[in-house]
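> Below is one structure. I have some questions about it.
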Amino acid sequence: MKIEEIKILRGPNYWSVRRAKLIQMKLFLEDMEQRPTNTIEGFRQRLEEMFPTMASHRCSVGVPGGFFQRVEEGTWMGHVIEHVALELQTVAGMDTGFGRTRGTGKEGEYYVVFSYMEEDAGVYAAKAAVRITQALADNVPYNLEEDIMQLREIREDTRLGPSTGCIVEEAAKRNIPFIRLNKQSLVQLGYGIYQKRIRATIASTTSNIAVDIAGDKEETKNLLGAAEIPVPRGVIVRTEEGLKEAIDKLGYPLVLKPVDGNHGKGATTNIINWEMAVKALAAAQVYGRSIICERFITGFDFRVLVINNKFICAALRTPAAVTGDGEHNIQWLVDETNKDPRRGFGHEKVLTSIKLDNFSEIMLDEKGYTLETIPPKGELVLLKPTANLSTGGTSTDVTDEVHPDNVFMCERISKIIGLDICGIDIMAPDLRLPVSQNGGAILEVNAAPGFRMHIDPAVGIGRNVAEPVIDMLFPKGSEGRIPIIAITGTNGKTTTTRLVAHIAKSAGYKVGYTTSDGVYIQNQMLMKGDCTGPLSSLFVLKDPTVDFAVLECARGGILKNGLAFQNCDIAIITNVSTDHIGLGGIDSIEQMAKVKAVVAETVFPHGYTILNADDDLVYAMKNNLKCNIGLFSMDENNPRIKAHCNKGGLAAVHENGYVTILKGNWKIRVEKVVDIPITYGGKATHNIMNTLPAILATYLYRNIKVADIKDALETFIPSPTQTPGRLNLFKFKNFDFLVDFAHNQAGLLLLSDFIGKMEGSPKVGIISGTGDRRDEDIRDIGRISAGCFDEIIIRQDKNLRGRTAEEIVNLLVEGINQTKTKHIPITIIFNEKEAITFAYENAKPGSLITIMCDVVVEALDMIRKLKEDEDSG
């Protein structure tokens, strides 16, 4: 078996709109195509022995054990690999369960699709599942534990930590979108101008000065002491001599910790002699030269969490420890403790397994113990110096026991330091009495406090500490969203996108939009090239200056990675035709319609999908949508439009020379077609078509008035500036030069209709074929061109996409020669610039030269230069 391709889908996609995180693996079974599972002796038994938990897989049978039943009856290896990949992740602590396996149309080749939680783990699971299934089929040994451990390590390296993760989950519950900005814990919540950022539990609202103060333990202690907050007495030491002086001043027991430490790193507590102190100094100076030496406060370790200057919860923290039973040694007790089902690797469960290390050995050594020591029954043997959950510690929720004076003190501390998300470490006998009265003290104030101890305490009530964070960042009623209009279809996407963006900008919005030419933020091109995929959409949604997004979403990006957004407010589907059939596993126009429908299916229930009522496949999409529907048509008498509007629906139509919005049975005439520049006085029928969904989509926003739409239509000029590569007409002294991006049959037919209405003769076409299209598609380009032009120049794209130039030319010529009504002179010039130069130098007076350009910017720049040279000459 051979993996031919692995794609990581990160958003709504062809396989599932709801399940955004999918791995799509193209798998060639080779000789295994002839060996379904029921023909391989012992296969089910070996599979069941390796993965007994697969008994829960229902598969298409619909009952537990259904998958094993399918294996017994006989199924293909792609299907088995799908289930193995899912189970591998689940066993490694990433419970996920959606999968599909479908043939690609080529014998022995399959798409194996399955969900993932962490994409690196999903890719690893895909490859491991193939290895495992092959081993099971061949009946050879396989070390499954290596894969499970590798997956766990990948999970811990790549997943959001429990603190960040719970904030993101809370945001998602409130319909607040999020974007992970790096592979660590930097996350954007919300889009555009409404975005906020978090890194772990530091928010974009958190004061940088406050974080610096909290990171300097001596500075923190000085500020709190000056405000009459109880803090331990201490001094800064840097050498053993300084340490000795501190001990003489403070006496034992002591605590040593780095000034800039966090999470207990380098800290040693309950130091009772000089030897311990020297070792503790060395351990602390691993993290920094300056060390705090302070009196060790006896009592229990508490953490209080304050968010937005309000007390939220408190926890008692206990370091990793075991309790002696008088019969077993410490190593046995640790192993037994780690068998607790609540303990796991890293952060996968409520508690972390205890891992013995140098700190553990030091602590045992101080007691005169080793791992072989059998502690007395009931003795608590501490194995870590600090109570961090990540090293095996436990927490007990004590929120309801905190004295009101302590609540007041902690809220006051958060304001003194200036932290809006604040963790306060208190050492005290308990928190039921004021700390100022029971001999306790504030040990530290922490920026980026861990939430895990509060979310999942070992004992007591879990607290939703992410809720007040989201309340602070996004007050009630705010979802952090900007309007998103997403546009897809075979033709007209870019012009429609640009027009929608122009209307929104004219109405006062700060618009970011993506097109096949580039990404624009407030009309400034910031990325160049085909920018119709998810990365370009994310670029807009991450921009903090944008308050309105218009996103062109092409087939390629949807198939390769999915959409960048889970939901949009309005979707426009312009049309569906045969372009790109045969690419990316899409072999029919019906499948292509399904790809385009992904965009429509992301629309919020309260939003609108605007569909082309003149296109059967597009119109049929309404049957699977759960949002409002708007329609557009070039014919106001289209029965679909009439039926829709009779029910009170919204539509946009071309009627009596106007582009008009129909609101039920009412007409709102927006503008005369002849006064809309991109229609060239009504000759460019396809731009009338593109105008209709644009006016309907923008009309749906209360802040955009009909007058705004009318003004924008009148100022949207078909030019290299506003519509590059879309009907850009250059008037030379003796002839005209038209530049257009038409690159498929449907687009060329619309362009031909426009050219047929234009003056100018002879009509010369500079055409090309796209190498990754089907033979019949390339022939069609030649055939349509022959019906439109009197002379043809054949050029080649820079990227031939898998064919030779000669192949493409021959197919185009075959298509041209299918037209028997007239003789058409053909000139072949492969280089686009040379073809433009040839057409310019040989232009006949009164002619109209049309180029279907490849690299729009280069073609426009060259023709502009020719025009400038002519004007200056």
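In the structure tokens, chains take the letters A, B, ... in the order shown, each chain's residues start at 1, and ligands count up from 1 in the order shown.
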Compile the contact shell of range 79-90 of chain A as a ChimeraX atom specification: residues with an atom at most 8 Å away, counting only C-alpha atoms, same-chain residues fewer than 3 positions apart removed.

/A:51,53-54,71,75-76,93-101,112-116,121-122,125-126,128-130,133,148,151

> Give me, as CSV, the closest atom pair and its distance (Å, one decimal) for every residue of range 434-494 of chain A within a cut-off of 10 Å of range 211-214 of chain A, counting only C-alpha atoms, rows sorted by chain and rising number.


residue,atom,partner,partner_atom,distance
A:Glu444,CA,A:Ala214,CA,7.7
A:Val445,CA,A:Ala214,CA,5.6
A:Asn446,CA,A:Ala214,CA,5.7
A:Ala447,CA,A:Val211,CA,5.7
A:Ala448,CA,A:Val211,CA,8.6

> Give me, as a list in words, all polymer residues having an atom no more than 10 Å from Lys667 in chain A, counting only C-alpha atoms and skipping those fewer than 6 positions away in the same chain.

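Answer for this query is Ala651, Ala652, Val653, Thr660 and Ile661 of chain A.
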
> Could you dump the residues just selected with N, CA and C atoms as an mmCIF file, in the first residue's frame?


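Okay, this is what ended up in selection.cif:
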data_model
loop_
_atom_site.group_PDB
_atom_site.id
_atom_site.type_symbol
_atom_site.label_atom_id
_atom_site.label_comp_id
_atom_site.auth_asym_id
_atom_site.auth_seq_id
_atom_site.Cartn_x
_atom_site.Cartn_y
_atom_site.Cartn_z
ATOM 1 N N ALA A 651 -35.044 39.205 -3.783
ATOM 2 C CA ALA A 651 -34.369 38.842 -5.026
ATOM 3 C C ALA A 651 -33.807 40.100 -5.676
ATOM 4 N N ALA A 652 -32.878 39.878 -6.610
ATOM 5 C CA ALA A 652 -32.364 40.971 -7.440
ATOM 6 C C ALA A 652 -32.502 40.535 -8.888
ATOM 7 N N VAL A 653 -33.019 41.414 -9.731
ATOM 8 C CA VAL A 653 -33.264 41.052 -11.133
ATOM 9 C C VAL A 653 -32.864 42.202 -12.057
ATOM 10 N N THR A 660 -32.623 45.778 -10.145
ATOM 11 C CA THR A 660 -33.725 46.035 -9.224
ATOM 12 C C THR A 660 -33.741 44.999 -8.112
ATOM 13 N N ILE A 661 -34.045 45.454 -6.905
ATOM 14 C CA ILE A 661 -34.243 44.549 -5.778
ATOM 15 C C ILE A 661 -35.739 44.321 -5.599
#

> Return as a PyMOL selection string the full set of residues in range 374-616 of chain A whose backbone-based DSSP assignment is strand (DSSP E).

chain A and resi 380-382+394-397+421-428+441-446+484-488+511-514+518-521+524-528+548-552+568-573+603-612

> Going by DSSP on the backbone, which bits of range 161-310 of chain A are helix (DSSP H, G or I)? Write them as an MDAnalysis selection string, please.

chainID A and resid 162:173 192:194 208:215 217:226 240:250 274:284

> Between A:Ala267, A:Ile570, A:Val659, A:Ile132, which one has atoms that come closest to Leu281 in chain A, using only C-alpha atoms?

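So, comparing all the options, the nearest one is A:Ala267.
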
> Which residue, A:Ser436, A:Asn561, A:Thr850, A:Ser395, has the smallest gap to Lys21 in chain A when you use only C-alpha atoms?

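Smallest distance to Lys21 in chain A is found for A:Asn561.
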
> Can you tell me, as a PyMOL selection string, what residues are no more than 12 Å from Thr158 in chain A when counting only C-alpha atoms, ignoring any on the same chain fewer than 3 positions away?

chain A and resi 117-122+151-155+161+165+180+182-185+346-347

> Quick one: everything within 9 Å of Ile824 in chain A, counting only C-alpha atoms, minus sequence neighbours fewer than 2 positions away in the same chain. Send it as a list in words.

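Returned residues: Ala786, Phe789, Asp790, Glu791, Ile792, Ile816, Asn817, Lys822 and Ile826 of chain A.
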
> Write out as a short mmCIF file (atom, residue, chain, number, x, y, z; two decimals) with N, CA and C atoms, in the first residue's frame each polymer residue whose atoms come within 8 Å of Thr715 in chain A, counting only C-alpha atoms; drop sequence neighbours fewer than 3 positions from it.


data_model
loop_
_atom_site.label_atom_id
_atom_site.label_comp_id
_atom_site.auth_asym_id
_atom_site.auth_seq_id
_atom_site.Cartn_x
_atom_site.Cartn_y
_atom_site.Cartn_z
N PRO A 677 -20.97 51.68 -15.08
CA PRO A 677 -19.83 51.60 -16.00
C PRO A 677 -19.37 50.19 -16.35
N ASP A 711 -24.52 55.08 -5.64
CA ASP A 711 -23.31 55.87 -5.82
C ASP A 711 -22.11 54.97 -6.12
N ALA A 712 -22.05 53.84 -5.43
CA ALA A 712 -20.92 52.93 -5.64
C ALA A 712 -20.95 52.31 -7.03
#

> Out of A:Asn491, A:Asn831, A:Asn744, A:Asn687, which residue has the shortest atom-to-atom distance to Pro718 in chain A when counting only C-alpha atoms?

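Among the listed residues, the smallest separation from Pro718 in chain A belongs to A:Asn687.
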
> Name all residues at most 12 Å from range 857-861 of chain A (count only C-alpha atoms; drop same-chain ones fewer than 6 positions away) and give them as an MDAnalysis selection string.

chainID A and resid 516:518 528:530 719:721 723:730 737:741 766 797:798 831:837 850:851 867:868

> Just write the chosen residues, C-alpha atoms, as an mmCIF file, in the first residue's frame.


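Output below, filename part21.cif:
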data_model
loop_
_atom_site.group_PDB
_atom_site.id
_atom_site.type_symbol
_atom_site.label_atom_id
_atom_site.label_comp_id
_atom_site.auth_asym_id
_atom_site.auth_seq_id
_atom_site.Cartn_x
_atom_site.Cartn_y
_atom_site.Cartn_z
ATOM 1 C CA SER A 516 -7.628 35.981 -7.566
ATOM 2 C CA ASP A 517 -5.337 39.008 -8.024
ATOM 3 C CA GLY A 518 -4.380 39.620 -4.407
ATOM 4 C CA LYS A 528 -0.140 39.644 -4.773
ATOM 5 C CA GLY A 529 -1.240 36.610 -6.790
ATOM 6 C CA ASP A 530 -4.116 34.166 -6.564
ATOM 7 C CA SER A 719 -10.166 49.743 -15.221
ATOM 8 C CA PRO A 720 -6.791 48.218 -14.371
ATOM 9 C CA THR A 721 -7.120 49.898 -10.984
ATOM 10 C CA THR A 723 -11.100 45.609 -12.023
ATOM 11 C CA PRO A 724 -7.651 44.459 -13.220
ATOM 12 C CA GLY A 725 -7.932 41.887 -15.988
ATOM 13 C CA ARG A 726 -11.705 42.225 -16.231
ATOM 14 C CA LEU A 727 -12.845 44.000 -19.433
ATOM 15 C CA ASN A 728 -9.998 46.543 -19.356
ATOM 16 C CA LEU A 729 -10.288 48.489 -22.637
ATOM 17 C CA PHE A 730 -7.330 50.497 -23.951
ATOM 18 C CA PHE A 737 -6.972 46.525 -27.001
ATOM 19 C CA LEU A 738 -9.195 44.561 -24.575
ATOM 20 C CA VAL A 739 -7.712 42.638 -21.643
ATOM 21 C CA ASP A 740 -9.728 39.950 -19.857
ATOM 22 C CA PHE A 741 -8.993 36.969 -17.613
ATOM 23 C CA ILE A 766 -4.845 36.090 -28.203
ATOM 24 C CA ASP A 797 0.757 30.186 -19.990
ATOM 25 C CA LYS A 798 3.927 30.318 -17.916
ATOM 26 C CA ASN A 831 5.577 33.906 -25.032
ATOM 27 C CA GLU A 832 2.735 36.174 -23.852
ATOM 28 C CA LYS A 833 4.735 39.419 -24.102
ATOM 29 C CA GLU A 834 5.931 38.521 -27.590
ATOM 30 C CA ALA A 835 2.340 37.725 -28.590
ATOM 31 C CA ILE A 836 1.181 41.145 -27.352
ATOM 32 C CA THR A 837 4.030 42.855 -29.212
ATOM 33 C CA THR A 850 -8.539 40.842 -27.162
ATOM 34 C CA ILE A 851 -6.091 38.991 -24.935
ATOM 35 C CA LYS A 867 -0.189 53.189 -24.735
ATOM 36 C CA GLU A 868 2.045 55.677 -22.902
#
